[in-house]
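Peer 1: Data: my_file_14.txt, compact mmCIF, C-alpha atoms.
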```txt
# COMPACT_ATOMS: atom_id res chain seq x y z
CA MET T 94 72.71 98.89 67.95
CA LYS T 95 72.14 102.15 66.12
CA SER T 96 71.78 101.88 62.37
CA GLY T 97 75.26 101.68 60.86
CA GLN T 98 77.00 101.37 64.24
CA LEU T 99 80.17 99.29 63.90
CA LEU T 100 80.69 96.09 65.86
CA GLY T 101 84.20 94.81 66.49
CA LEU T 102 85.74 91.65 67.89
CA TYR T 103 88.77 91.17 70.12
CA GLU T 104 91.60 89.14 68.60
CA LYS T 105 91.83 86.90 71.68
CA ALA T 106 88.38 85.52 70.95
CA PHE T 107 90.38 83.23 68.65
CA PRO T 108 93.03 80.75 69.85
CA ASP T 109 96.68 81.73 69.70
CA SER T 110 97.25 78.95 67.19
CA SER T 111 95.41 81.01 64.55
CA ASP T 112 97.45 83.67 62.81
CA LEU T 113 96.21 87.20 62.19
CA PHE T 114 95.25 86.43 58.61
CA GLU T 115 93.02 83.53 59.68
CA LYS T 116 91.45 85.71 62.37
CA LEU T 117 90.60 88.41 59.83
CA ARG T 118 88.87 85.90 57.56
CA ALA T 119 86.92 84.41 60.47
CA THR T 120 85.94 87.87 61.71
CA GLU T 121 84.42 88.63 58.30
CA GLU T 122 82.63 85.26 58.16
CA LEU T 123 81.07 85.92 61.57
CA GLY T 124 79.66 89.26 60.43
CA PHE T 125 81.82 91.72 62.37
CA ASP T 126 83.00 95.05 60.97
CA PHE T 127 86.50 95.12 62.45
CA LEU T 128 89.06 93.28 64.53
CA GLU T 129 90.86 94.67 67.57
CA ILE T 130 94.52 93.60 67.52
CA SER T 131 96.23 92.75 70.81
CA ILE T 132 99.72 93.92 71.72
CA ASP T 133 100.01 92.45 75.19
CA GLU T 134 102.97 91.83 77.51
CA SER T 135 104.00 88.57 75.82
CA ASP T 136 107.16 88.56 73.73
CA HIS T 137 105.18 87.02 70.86
CA ARG T 138 102.74 89.91 70.51
CA LEU T 139 105.28 92.59 71.41
CA SER T 140 107.39 91.42 68.47
CA ARG T 141 104.72 92.76 66.12
CA LEU T 142 105.86 96.27 66.97
CA TYR T 143 109.22 95.43 65.40
CA TRP T 144 107.87 94.06 62.14
CA THR T 145 109.55 95.09 58.92
CA MET T 146 107.68 97.28 56.47
CA GLU T 147 107.19 94.21 54.26
CA GLN T 148 105.43 92.40 57.13
CA LYS T 149 103.18 95.41 57.72
CA TYR T 150 102.31 95.51 54.01
CA GLU T 151 101.36 91.81 54.21
CA LEU T 152 98.92 92.70 56.99
CA ILE T 153 97.49 95.58 54.95
CA ASN T 154 96.93 93.22 52.02
CA ALA T 155 95.23 90.71 54.32
CA VAL T 156 92.90 93.47 55.56
CA ILE T 157 92.04 94.40 51.98
CA GLN T 158 91.41 90.79 50.98
CA SER T 159 89.26 90.02 54.03
CA GLY T 160 87.19 93.19 53.83
CA VAL T 161 87.58 93.57 57.61
CA SER T 162 89.66 96.42 58.99
CA ILE T 163 91.77 96.55 62.14
CA ASN T 164 90.33 99.72 63.64
CA THR T 165 91.67 99.44 67.18
CA MET T 166 94.67 98.15 69.09
CA CYS T 167 94.54 96.88 72.66
CA LEU T 168 97.97 97.93 73.93
CA SER T 169 98.19 96.13 77.27
CA ALA T 170 101.98 95.68 77.09
CA HIS T 171 102.32 98.54 79.58
CA ARG T 172 101.23 96.14 82.30
CA ARG T 173 104.73 94.64 82.06
CA PHE T 174 106.47 97.88 81.03
CA PRO T 175 104.53 100.72 82.70
CA PHE T 176 105.16 104.44 82.33
CA GLY T 177 105.26 104.79 86.12
CA SER T 178 107.84 102.12 86.96
CA LYS T 179 110.51 102.97 89.51
CA ASP T 180 113.02 101.42 87.11
CA MET T 181 114.18 103.95 84.51
CA THR T 182 114.99 101.14 82.06
CA ILE T 183 111.38 99.97 82.18
CA ARG T 184 110.09 103.54 81.77
CA LYS T 185 112.25 103.91 78.65
CA LYS T 186 110.90 100.62 77.32
CA ALA T 187 107.34 101.87 77.93
CA ARG T 188 108.03 104.89 75.73
CA GLU T 189 109.65 102.76 73.06
CA ILE T 190 106.57 100.53 73.04
CA VAL T 191 104.10 103.37 72.65
CA ARG T 192 106.25 105.01 69.96
CA ASN T 193 106.38 101.79 67.96
CA ALA T 194 102.67 101.16 68.51
CA ILE T 195 101.73 104.59 67.17
CA GLU T 196 104.01 104.20 64.15
CA PHE T 197 102.59 100.69 63.53
CA ALA T 198 99.04 102.06 63.73
CA ALA T 199 99.83 104.90 61.35
CA VAL T 200 101.14 102.48 58.72
CA VAL T 201 98.42 99.79 58.87
CA GLY T 202 95.46 102.14 59.37
CA ILE T 203 94.56 101.61 63.03
CA ARG T 204 92.45 104.52 64.28
CA VAL T 205 92.56 104.05 68.05
CA ILE T 206 95.15 102.67 70.47
CA GLN T 207 93.63 101.66 73.76
CA LEU T 208 96.05 102.37 76.60
CA ALA T 209 95.98 100.35 79.81
CA GLY T 210 95.28 102.67 82.72
CA TYR T 211 98.04 101.39 85.01
CA ASP T 212 100.68 103.67 86.52
CA VAL T 213 102.29 100.38 87.62
CA TYR T 214 100.98 96.84 87.89
CA TYR T 215 103.65 94.61 89.41
CA GLU T 216 105.01 97.37 91.68
CA GLU T 217 103.56 99.47 94.48
CA SER T 218 101.70 102.58 93.31
CA THR T 219 102.98 105.87 94.78
CA ASP T 220 102.66 109.59 94.08
CA GLN T 221 105.87 109.32 92.05
CA THR T 222 104.62 106.42 89.90
CA LYS T 223 101.48 108.44 89.16
CA ALA T 224 103.55 111.49 88.24
CA ASP T 225 105.75 109.40 85.93
CA PHE T 226 102.64 107.87 84.38
CA LEU T 227 101.39 111.37 83.58
CA ASP T 228 104.74 112.27 81.99
CA GLY T 229 104.62 109.11 79.88
CA LEU T 230 101.09 109.94 78.82
CA ARG T 231 102.18 113.41 77.69
CA PHE T 232 104.99 111.85 75.68
CA ALA T 233 102.54 109.43 74.04
CA CYS T 234 100.05 112.17 73.18
CA ASP T 235 102.71 114.30 71.51
CA LEU T 236 103.58 111.36 69.26
CA ALA T 237 99.90 110.60 68.64
CA GLU T 238 99.34 114.17 67.48
CA LYS T 239 102.30 113.92 65.11
CA HIS T 240 100.93 110.76 63.49
CA GLN T 241 97.20 111.58 63.89
CA VAL T 242 96.44 108.42 65.84
CA MET T 243 93.89 108.56 68.65
CA LEU T 244 94.82 107.27 72.12
CA ALA T 245 92.17 106.25 74.65
CA ILE T 246 92.58 105.04 78.24
CA GLU T 247 90.55 101.99 79.23
CA THR T 248 88.66 101.74 82.51
CA MET T 249 90.66 99.07 84.28
CA ASP T 250 90.53 96.12 86.66
CA THR T 251 92.52 98.02 89.33
CA GLU T 252 91.34 100.97 91.39
CA PHE T 253 93.79 103.55 89.98
CA LEU T 254 91.78 104.26 86.82
CA CYS T 255 88.71 102.09 87.36
CA SER T 256 86.20 104.74 86.24
CA VAL T 257 85.59 107.18 83.42
CA THR T 258 85.49 109.95 86.03
CA ARG T 259 89.05 109.20 87.15
CA ILE T 260 90.34 108.88 83.59
CA MET T 261 88.80 112.21 82.65
CA GLU T 262 90.98 113.89 85.29
CA TYR T 263 94.02 112.77 83.27
CA VAL T 264 92.38 113.64 79.96
CA LYS T 265 91.85 117.19 81.23
CA LYS T 266 95.39 117.43 82.59
CA ILE T 267 96.86 116.39 79.22
CA ASN T 268 94.40 118.56 77.26
CA SER T 269 95.06 116.86 73.92
CA ARG T 270 92.51 116.30 71.19
CA TRP T 271 94.29 112.97 70.61
CA LEU T 272 93.48 111.51 74.04
CA GLY T 273 90.09 110.06 74.94
CA VAL T 274 88.52 107.37 77.06
CA TYR T 275 87.71 103.75 76.16
CA PRO T 276 85.14 102.53 78.72
CA ASP T 277 84.75 98.85 79.48
CA ILE T 278 81.15 98.11 80.42
CA GLY T 279 82.17 94.95 82.27
CA ASN T 280 84.93 96.57 84.32
CA LEU T 281 82.73 99.51 85.28
CA SER T 282 79.96 97.15 86.38
CA ALA T 283 82.35 95.03 88.43
CA TRP T 284 83.31 98.18 90.35
CA HIS T 285 79.58 98.97 90.92
CA MET T 286 79.73 102.19 88.89
CA ASP T 287 76.62 104.12 87.83
CA LEU T 288 76.96 103.64 84.08
CA LEU T 289 74.85 106.59 82.99
CA ASN T 290 76.80 109.00 85.20
CA GLU T 291 80.09 107.51 84.04
CA PHE T 292 79.17 107.81 80.37
CA LYS T 293 78.00 111.39 80.92
CA ALA T 294 81.35 112.14 82.58
CA GLY T 295 83.13 111.02 79.41
CA ASP T 296 80.61 112.36 76.90
CA GLY T 297 82.49 113.84 73.97
CA SER T 298 85.67 111.91 74.81
CA ILE T 299 84.45 108.29 74.41
CA VAL T 300 85.99 106.78 71.28
CA CYS T 301 85.03 103.10 71.59
CA MET T 302 83.29 100.79 74.04
CA HIS T 303 84.39 97.37 75.30
CA VAL T 304 81.46 95.00 75.83
CA LYS T 305 81.93 92.00 78.12
CA ASP T 306 80.50 90.43 81.28
CA THR T 307 82.23 90.32 84.69
CA LEU T 308 81.76 89.22 88.27
CA PRO T 309 81.61 92.05 90.84
CA VAL T 310 84.23 93.13 93.34
CA THR T 311 83.16 92.54 96.95
CA LYS T 312 84.91 92.78 100.29
CA ASP T 313 85.65 89.04 100.07
CA PHE T 314 86.19 88.66 96.31
CA PRO T 315 88.50 90.59 93.96
CA GLY T 316 86.06 90.32 91.07
CA LYS T 317 86.52 88.46 87.81
CA PHE T 318 87.32 90.67 84.85
CA ARG T 319 87.75 88.20 82.00
CA SER T 320 86.35 84.94 80.60
CA VAL T 321 82.89 85.40 82.13
CA SER T 322 80.27 84.16 79.67
CA PHE T 323 77.72 86.73 78.53
CA GLY T 324 74.67 86.63 80.75
CA GLU T 325 76.45 84.90 83.64
CA GLY T 326 77.94 88.01 85.26
CA CYS T 327 76.80 91.22 86.90
CA VAL T 328 76.41 93.47 83.85
CA ASP T 329 72.93 94.84 83.13
CA PHE T 330 73.44 95.12 79.39
CA VAL T 331 70.06 96.64 78.60
CA ASP T 332 70.69 99.40 81.14
CA ALA T 333 74.23 99.89 79.75
CA PHE T 334 73.03 100.26 76.16
CA LEU T 335 70.10 102.42 77.24
CA SER T 336 72.60 104.72 78.98
CA LEU T 337 74.58 104.94 75.73
CA GLU T 338 71.36 105.88 73.93
CA ASP T 339 70.85 108.63 76.50
CA ILE T 340 74.16 110.27 75.56
CA ASN T 341 73.57 109.58 71.84
CA TYR T 342 76.70 107.46 71.57
CA CYS T 343 77.22 106.49 67.92
CA GLY T 344 80.75 105.07 68.15
CA PRO T 345 81.80 101.42 67.79
CA LEU T 346 81.07 98.59 70.20
CA MET T 347 83.80 95.98 70.63
CA ILE T 348 83.02 92.52 71.99
CA GLU T 349 85.86 91.51 74.29
CA MET T 350 86.08 87.78 74.89
CA TRP T 351 88.69 85.05 75.15
CA SER T 352 88.85 81.65 73.49
CA GLU T 353 88.65 78.70 75.84
CA GLU T 354 90.33 75.35 75.32
CA GLY T 355 87.90 72.65 74.32
CA LYS T 356 85.25 75.08 73.08
CA ASP T 357 84.32 75.90 69.49
CA GLU T 358 85.36 79.56 69.29
CA LYS T 359 83.16 80.35 66.28
CA TYR T 360 80.10 78.98 68.07
CA SER T 361 80.96 80.98 71.22
CA ILE T 362 81.56 84.16 69.22
CA ALA T 363 78.29 83.77 67.30
CA ASN T 364 76.39 83.31 70.57
CA ALA T 365 78.05 86.39 72.08
CA LYS T 366 77.20 88.44 69.00
CA ALA T 367 73.57 87.31 69.12
CA PHE T 368 73.39 88.11 72.85
CA VAL T 369 74.76 91.64 72.38
CA SER T 370 72.51 92.29 69.37
CA GLU T 371 69.44 91.22 71.36
CA LYS T 372 70.33 93.49 74.30
CA THR T 373 71.06 96.52 72.08
CA SER T 374 67.75 95.97 70.29
CA MET T 375 65.87 95.81 73.60
CA ALA T 376 67.56 99.00 74.79
CA SER T 377 66.75 100.79 71.53
CA LYS T 378 63.06 99.90 71.82
CA LEU T 379 62.94 101.08 75.43
CA TYR T 380 64.64 104.32 74.48
CA GLN T 381 62.21 104.98 71.63
CA ASN T 382 59.26 104.35 73.95
CA LYS T 383 60.75 106.70 76.52
CA ARG T 384 61.08 109.41 73.88
CA ARG T 385 57.46 108.92 72.77
CA ILE T 386 56.28 109.29 76.36
CA THR T 387 58.42 112.41 76.83
CA ASN T 388 57.02 113.89 73.60
CA GLY T 389 53.45 113.05 74.62
CA GLU T 390 52.96 110.60 71.76
CA ILE T 391 51.83 107.77 74.06
```
Translate this file's structure into structure tokens.
Peer 2:
Amino acid sequence: MKSGQLLGLYEKAFPDSSDLFEKLRATEELGFDFLEISIDESDHRLSRLYWTMEQKYELINAVIQSGVSINTMCLSAHRRFPFGSKDMTIRKKAREIVRNAIEFAAVVGIRVIQLAGYDVYYEESTDQTKADFLDGLRFACDLAEKHQVMLAIETMDTEFLCSVTRIMEYVKKINSRWLGVYPDIGNLSAWHMDLLNEFKAGDGSIVCMHVKDTLPVTKDFPGKFRSVSFGEGCVDFVDAFLSLEDINYCGPLMIEMWSEEGKDEKYSIANAKAFVSEKTSMASKLYQNKRRITNGEI
């Protein structure tokens, strides 16, 4: 990693039995700079968006005491309540969720809300669902501008917005300084994307980077987009980090992983952190050598 570059950890690297306060303490102990909070489609995590101000202040105090911030939010609740749903009630719920998420972020100090790039997930995608998704995105960006909270669309596990190139089409349509792109190295690799070209397509709009391993999509296999151990998937991490060096990316990296029953999560997290650190170091050395050759130094 670049000197001073922040490294974050996904909340779901810890078991659900741990509360947020325990996860913050463990994140600090493991040497990470920040935690990414999850607001997924479960009622349990969605309820966080309806916390009282006193509950939010408790979280702020926990952040202060732990010394670890919550810089980003993974807002995947729109899988269940998408902007593009054919059901108007669901579309209204999608807007309520993003409004509450932005207001939550503004209070507790979250910088970036990662939006799931689904027009719909459990319904059939159509031109109308895509148009409604765009309208919902405009609504969200207006609120984000009001509260000065950055939104960023993640490269997804479905074809609709599976690449930075496709997301940038929506970023340009919205034309808001509060909307960027949140690439997922694992998802991009599973879709066989050229990482350097994808990162160049989003250069200037990339606000954070998910780091995980995946298994690739083939004609006979839908791919595996989560719970693939680092080093056991298709991601060429050295090439990925070298590509980030090429665009001079200085933003945060966020290790995305999930706890597994029967495994020591702290041991797994420490191994993942060591793996990523080794690969970023290798990429940095290769990049420096490349620059020396280019400059005629060697």
Peer 1: Mind dumping a table of every segment 277-370 of chain T residue within 10 Å of segment 242-247 of chain T, with the nearest atom pair and its distance in Å to one decimal, using only C-alpha atoms, sorted by chain and rising number, as a Markdown table?
Peer 2:
```
| residue | atom | partner | partner_atom | distance |
| --- | --- | --- | --- | --- |
| T:Asp277 | CA | T:Glu247 | CA | 6.6 |
| T:Asn280 | CA | T:Glu247 | CA | 9.3 |
| T:Ser298 | CA | T:Ala245 | CA | 8.6 |
| T:Ile299 | CA | T:Ala245 | CA | 8.0 |
| T:Val300 | CA | T:Ala245 | CA | 7.1 |
| T:Cys301 | CA | T:Ala245 | CA | 8.4 |
| T:Met302 | CA | T:Glu247 | CA | 9.0 |
| T:His303 | CA | T:Glu247 | CA | 8.6 |
```
Peer 1: Which one is closest to His285 of chain T: T:Asp313, T:Asp329, T:Glu354, T:Asp133? Count all atoms listed in the file.
Peer 2: T:Asp329
Peer 1: If you count only C-alpha atoms, which residues fall within 7 Å of segment 198-211 of chain T, apart from same-chain ones fewer than 2 positions away, as a list in words?
Peer 2: Lys149, Ile153, Ile163, Asn164, Thr165, Met166, Cys167, Leu168, Ser169, His171, Arg172, Pro175, Ala194, Ile195, Glu196, Val213, Tyr214, His240, Val242, Met243, Leu244, Ala245, Ile246, Glu247, Thr248, Met249, Phe253, Leu254 and Tyr275 of chain T
Peer 1: The selected residues should be written to file as a PDB file, in the frame of the given file (atoms: C-alpha atoms).
Peer 2:
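Result file is selection.pdb:
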```pdb
ATOM      1  CA  LYS T 149     103.180  95.410  57.720  1.00  0.00           C
ATOM      2  CA  ILE T 153      97.490  95.580  54.950  1.00  0.00           C
ATOM      3  CA  ILE T 163      91.770  96.550  62.140  1.00  0.00           C
ATOM      4  CA  ASN T 164      90.330  99.720  63.640  1.00  0.00           C
ATOM      5  CA  THR T 165      91.670  99.440  67.180  1.00  0.00           C
ATOM      6  CA  MET T 166      94.670  98.150  69.090  1.00  0.00           C
ATOM      7  CA  CYS T 167      94.540  96.880  72.660  1.00  0.00           C
ATOM      8  CA  LEU T 168      97.970  97.930  73.930  1.00  0.00           C
ATOM      9  CA  SER T 169      98.190  96.130  77.270  1.00  0.00           C
ATOM     10  CA  HIS T 171     102.320  98.540  79.580  1.00  0.00           C
ATOM     11  CA  ARG T 172     101.230  96.140  82.300  1.00  0.00           C
ATOM     12  CA  PRO T 175     104.530 100.720  82.700  1.00  0.00           C
ATOM     13  CA  ALA T 194     102.670 101.160  68.510  1.00  0.00           C
ATOM     14  CA  ILE T 195     101.730 104.590  67.170  1.00  0.00           C
ATOM     15  CA  GLU T 196     104.010 104.200  64.150  1.00  0.00           C
ATOM     16  CA  VAL T 213     102.290 100.380  87.620  1.00  0.00           C
ATOM     17  CA  TYR T 214     100.980  96.840  87.890  1.00  0.00           C
ATOM     18  CA  HIS T 240     100.930 110.760  63.490  1.00  0.00           C
ATOM     19  CA  VAL T 242      96.440 108.420  65.840  1.00  0.00           C
ATOM     20  CA  MET T 243      93.890 108.560  68.650  1.00  0.00           C
ATOM     21  CA  LEU T 244      94.820 107.270  72.120  1.00  0.00           C
ATOM     22  CA  ALA T 245      92.170 106.250  74.650  1.00  0.00           C
ATOM     23  CA  ILE T 246      92.580 105.040  78.240  1.00  0.00           C
ATOM     24  CA  GLU T 247      90.550 101.990  79.230  1.00  0.00           C
ATOM     25  CA  THR T 248      88.660 101.740  82.510  1.00  0.00           C
ATOM     26  CA  MET T 249      90.660  99.070  84.280  1.00  0.00           C
ATOM     27  CA  PHE T 253      93.790 103.550  89.980  1.00  0.00           C
ATOM     28  CA  LEU T 254      91.780 104.260  86.820  1.00  0.00           C
ATOM     29  CA  TYR T 275      87.710 103.750  76.160  1.00  0.00           C
TER      30      TYR T 275
END
```
Peer 1: I'd like to know which of T:Glu147, T:Lys186, T:Ser361, T:Ser178 is closest to Thr219 of chain T, using all atoms listed in the file.
Peer 2: T:Ser178
Peer 1: Around (77.4, 84.6, 58.6) in the file's own coordinates, what residues are found within 12 Å if you use only C-alpha atoms, given back as a ChimeraX atom specification?
Peer 2: /T:118-125,359-360,362-363,366-367
Peer 1: Which is closer to Cys343 of chain T than all the others in T:Asp220, T:Glu129, T:Asp296, T:Glu238, using all atoms listed in the file?
Peer 2: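 Answer, going by the shortest atom-to-atom distance: T:Asp296.
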Peer 1: Counting all atoms listed in the file, which residue out of T:Cys234, T:Leu288, T:Ala294, T:Ile130 sits closest to Arg270 of chain T?
Peer 2: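 Checking each candidate against Arg270 of chain T, we get T:Cys234 as the closest.
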Peer 1: Every residue with an atom at most 9 Å from (88.9, 86.6, 68.7) (file coordinates; only C-alpha atoms) is what I'm after, so could you write them as a compact mmCIF listing (two decimals) with C-alpha atoms, keeping the file's coordinate frame?
Peer 2:
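Now in result_7.txt:
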```
# COMPACT_ATOMS: atom_id res chain seq x y z
CA LEU T 102 85.74 91.65 67.89
CA TYR T 103 88.77 91.17 70.12
CA GLU T 104 91.60 89.14 68.60
CA LYS T 105 91.83 86.90 71.68
CA ALA T 106 88.38 85.52 70.95
CA PHE T 107 90.38 83.23 68.65
CA PRO T 108 93.03 80.75 69.85
CA LYS T 116 91.45 85.71 62.37
CA ALA T 119 86.92 84.41 60.47
CA THR T 120 85.94 87.87 61.71
CA LEU T 128 89.06 93.28 64.53
CA GLU T 129 90.86 94.67 67.57
CA ILE T 348 83.02 92.52 71.99
CA GLU T 349 85.86 91.51 74.29
CA MET T 350 86.08 87.78 74.89
CA TRP T 351 88.69 85.05 75.15
CA SER T 352 88.85 81.65 73.49
CA GLU T 358 85.36 79.56 69.29
CA LYS T 359 83.16 80.35 66.28
CA ILE T 362 81.56 84.16 69.22
```
Peer 1: What's around Asp332 of chain T at 12 Å? Count all atoms listed in the file, leave out sequence neighbours fewer than 2 positions away in its own chain, and write the answer as an mmCIF file with C-alpha atoms, in the frame of the given file.
Peer 2:
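Saved file part_21.cif follows:
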```cif
data_model
loop_
_atom_site.group_PDB
_atom_site.id
_atom_site.type_symbol
_atom_site.label_atom_id
_atom_site.label_comp_id
_atom_site.auth_asym_id
_atom_site.auth_seq_id
_atom_site.Cartn_x
_atom_site.Cartn_y
_atom_site.Cartn_z
ATOM 1 C CA ILE T 278 81.150 98.110 80.420
ATOM 2 C CA SER T 282 79.960 97.150 86.380
ATOM 3 C CA ASP T 287 76.620 104.120 87.830
ATOM 4 C CA LEU T 288 76.960 103.640 84.080
ATOM 5 C CA LEU T 289 74.850 106.590 82.990
ATOM 6 C CA PHE T 292 79.170 107.810 80.370
ATOM 7 C CA CYS T 327 76.800 91.220 86.900
ATOM 8 C CA VAL T 328 76.410 93.470 83.850
ATOM 9 C CA ASP T 329 72.930 94.840 83.130
ATOM 10 C CA PHE T 330 73.440 95.120 79.390
ATOM 11 C CA PHE T 334 73.030 100.260 76.160
ATOM 12 C CA LEU T 335 70.100 102.420 77.240
ATOM 13 C CA SER T 336 72.600 104.720 78.980
ATOM 14 C CA LEU T 337 74.580 104.940 75.730
ATOM 15 C CA GLU T 338 71.360 105.880 73.930
ATOM 16 C CA ASP T 339 70.850 108.630 76.500
ATOM 17 C CA LYS T 372 70.330 93.490 74.300
ATOM 18 C CA THR T 373 71.060 96.520 72.080
ATOM 19 C CA SER T 374 67.750 95.970 70.290
ATOM 20 C CA MET T 375 65.870 95.810 73.600
ATOM 21 C CA ALA T 376 67.560 99.000 74.790
ATOM 22 C CA SER T 377 66.750 100.790 71.530
ATOM 23 C CA LEU T 379 62.940 101.080 75.430
ATOM 24 C CA TYR T 380 64.640 104.320 74.480
#
```
Peer 1: To one decimal place in Å, what is the distance between atom CA of Lys305 of chain T and atom CA of Leu346 of chain T?
Peer 2: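 If I compute the distance from atom CA of Lys305 of chain T to atom CA of Leu346 of chain T, I get 10.3 Å.
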Peer 1: May I ask for the distance between atom CA of Asp225 of chain T and atom CA of Ile132 of chain T, given in Å to one decimal place?
Peer 2: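 If I compute the distance from atom CA of Asp225 of chain T to atom CA of Ile132 of chain T, I get 21.9 Å.
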Peer 1: Between T:Tyr150, T:Ile157, T:Ile190, T:Leu113, which has the minimum distance to Glu134 of chain T (counting all atoms listed in the file)?
Peer 2: T:Ile190
Peer 1: Separation of atom CA of Asp250 of chain T and atom CA of Phe318 of chain T, in Å?
Peer 2: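 Those two atoms sit 6.6 Å apart.
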Peer 1: Emit as lines of an AutoDock Vina configuration file the padded axis-aligned box for all listed atoms of segment 148-164 of chain T, 8 Å per side, with centre and edge lengths in Å to one decimal.
Peer 2:
```
center_x = 96.3
center_y = 94.9
center_z = 57.3
size_x = 34.2
size_y = 25.7
size_z = 28.7
```
Peer 1: Which one of T:Gly316, T:Tyr143, T:Val191, T:Leu100 sits closest to Gly344 of chain T if you count all atoms listed in the file?
Peer 2: T:Leu100
Peer 1: Could segment 340-346 of chain T be completed with all heavy atoms and written as a short mmCIF file (atom, residue, chain, number, x, y, z; two decimals), in the frame of the given file, please?
Peer 2:
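Produced file part_19.cif, reproduced below:
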```cif
data_model
loop_
_atom_site.label_atom_id
_atom_site.label_comp_id
_atom_site.auth_asym_id
_atom_site.auth_seq_id
_atom_site.Cartn_x
_atom_site.Cartn_y
_atom_site.Cartn_z
N ILE T 340 73.14 109.28 75.93
CA ILE T 340 74.16 110.27 75.56
C ILE T 340 74.38 110.33 74.05
O ILE T 340 75.30 110.98 73.57
CB ILE T 340 75.51 110.01 76.28
CG1 ILE T 340 76.16 108.71 75.79
CG2 ILE T 340 75.33 110.03 77.80
CD1 ILE T 340 77.61 108.57 76.19
N ASN T 341 73.50 109.62 73.31
CA ASN T 341 73.57 109.58 71.84
C ASN T 341 74.93 109.11 71.36
O ASN T 341 75.53 109.67 70.44
CB ASN T 341 73.24 110.96 71.25
CG ASN T 341 72.99 110.89 69.75
OD1 ASN T 341 72.47 109.89 69.24
ND2 ASN T 341 73.37 111.93 69.03
N TYR T 342 75.42 108.04 71.98
CA TYR T 342 76.70 107.46 71.57
C TYR T 342 76.53 106.72 70.25
O TYR T 342 75.68 105.83 70.13
CB TYR T 342 77.22 106.50 72.64
CG TYR T 342 78.49 105.77 72.23
CD1 TYR T 342 79.71 106.43 72.20
CD2 TYR T 342 78.45 104.43 71.85
CE1 TYR T 342 80.87 105.76 71.81
CE2 TYR T 342 79.60 103.76 71.47
CZ TYR T 342 80.81 104.43 71.45
OH TYR T 342 81.96 103.79 71.05
N CYS T 343 77.31 107.10 69.25
CA CYS T 343 77.22 106.49 67.92
C CYS T 343 78.50 105.74 67.55
O CYS T 343 78.63 105.25 66.42
CB CYS T 343 76.94 107.56 66.86
SG CYS T 343 75.40 108.45 67.11
N GLY T 344 79.48 105.70 68.45
CA GLY T 344 80.75 105.07 68.15
C GLY T 344 80.66 103.55 68.16
O GLY T 344 79.60 102.97 68.40
N PRO T 345 81.79 102.88 67.89
CA PRO T 345 81.80 101.42 67.79
C PRO T 345 81.60 100.74 69.15
O PRO T 345 81.92 101.29 70.20
CB PRO T 345 83.19 101.11 67.23
CG PRO T 345 83.73 102.41 66.73
CD PRO T 345 83.10 103.47 67.55
N LEU T 346 81.08 99.51 69.08
CA LEU T 346 81.07 98.59 70.20
C LEU T 346 82.05 97.48 69.87
O LEU T 346 82.16 97.06 68.72
CB LEU T 346 79.68 97.99 70.41
CG LEU T 346 78.54 98.98 70.69
CD1 LEU T 346 77.21 98.22 70.77
CD2 LEU T 346 78.78 99.77 71.96
#
```
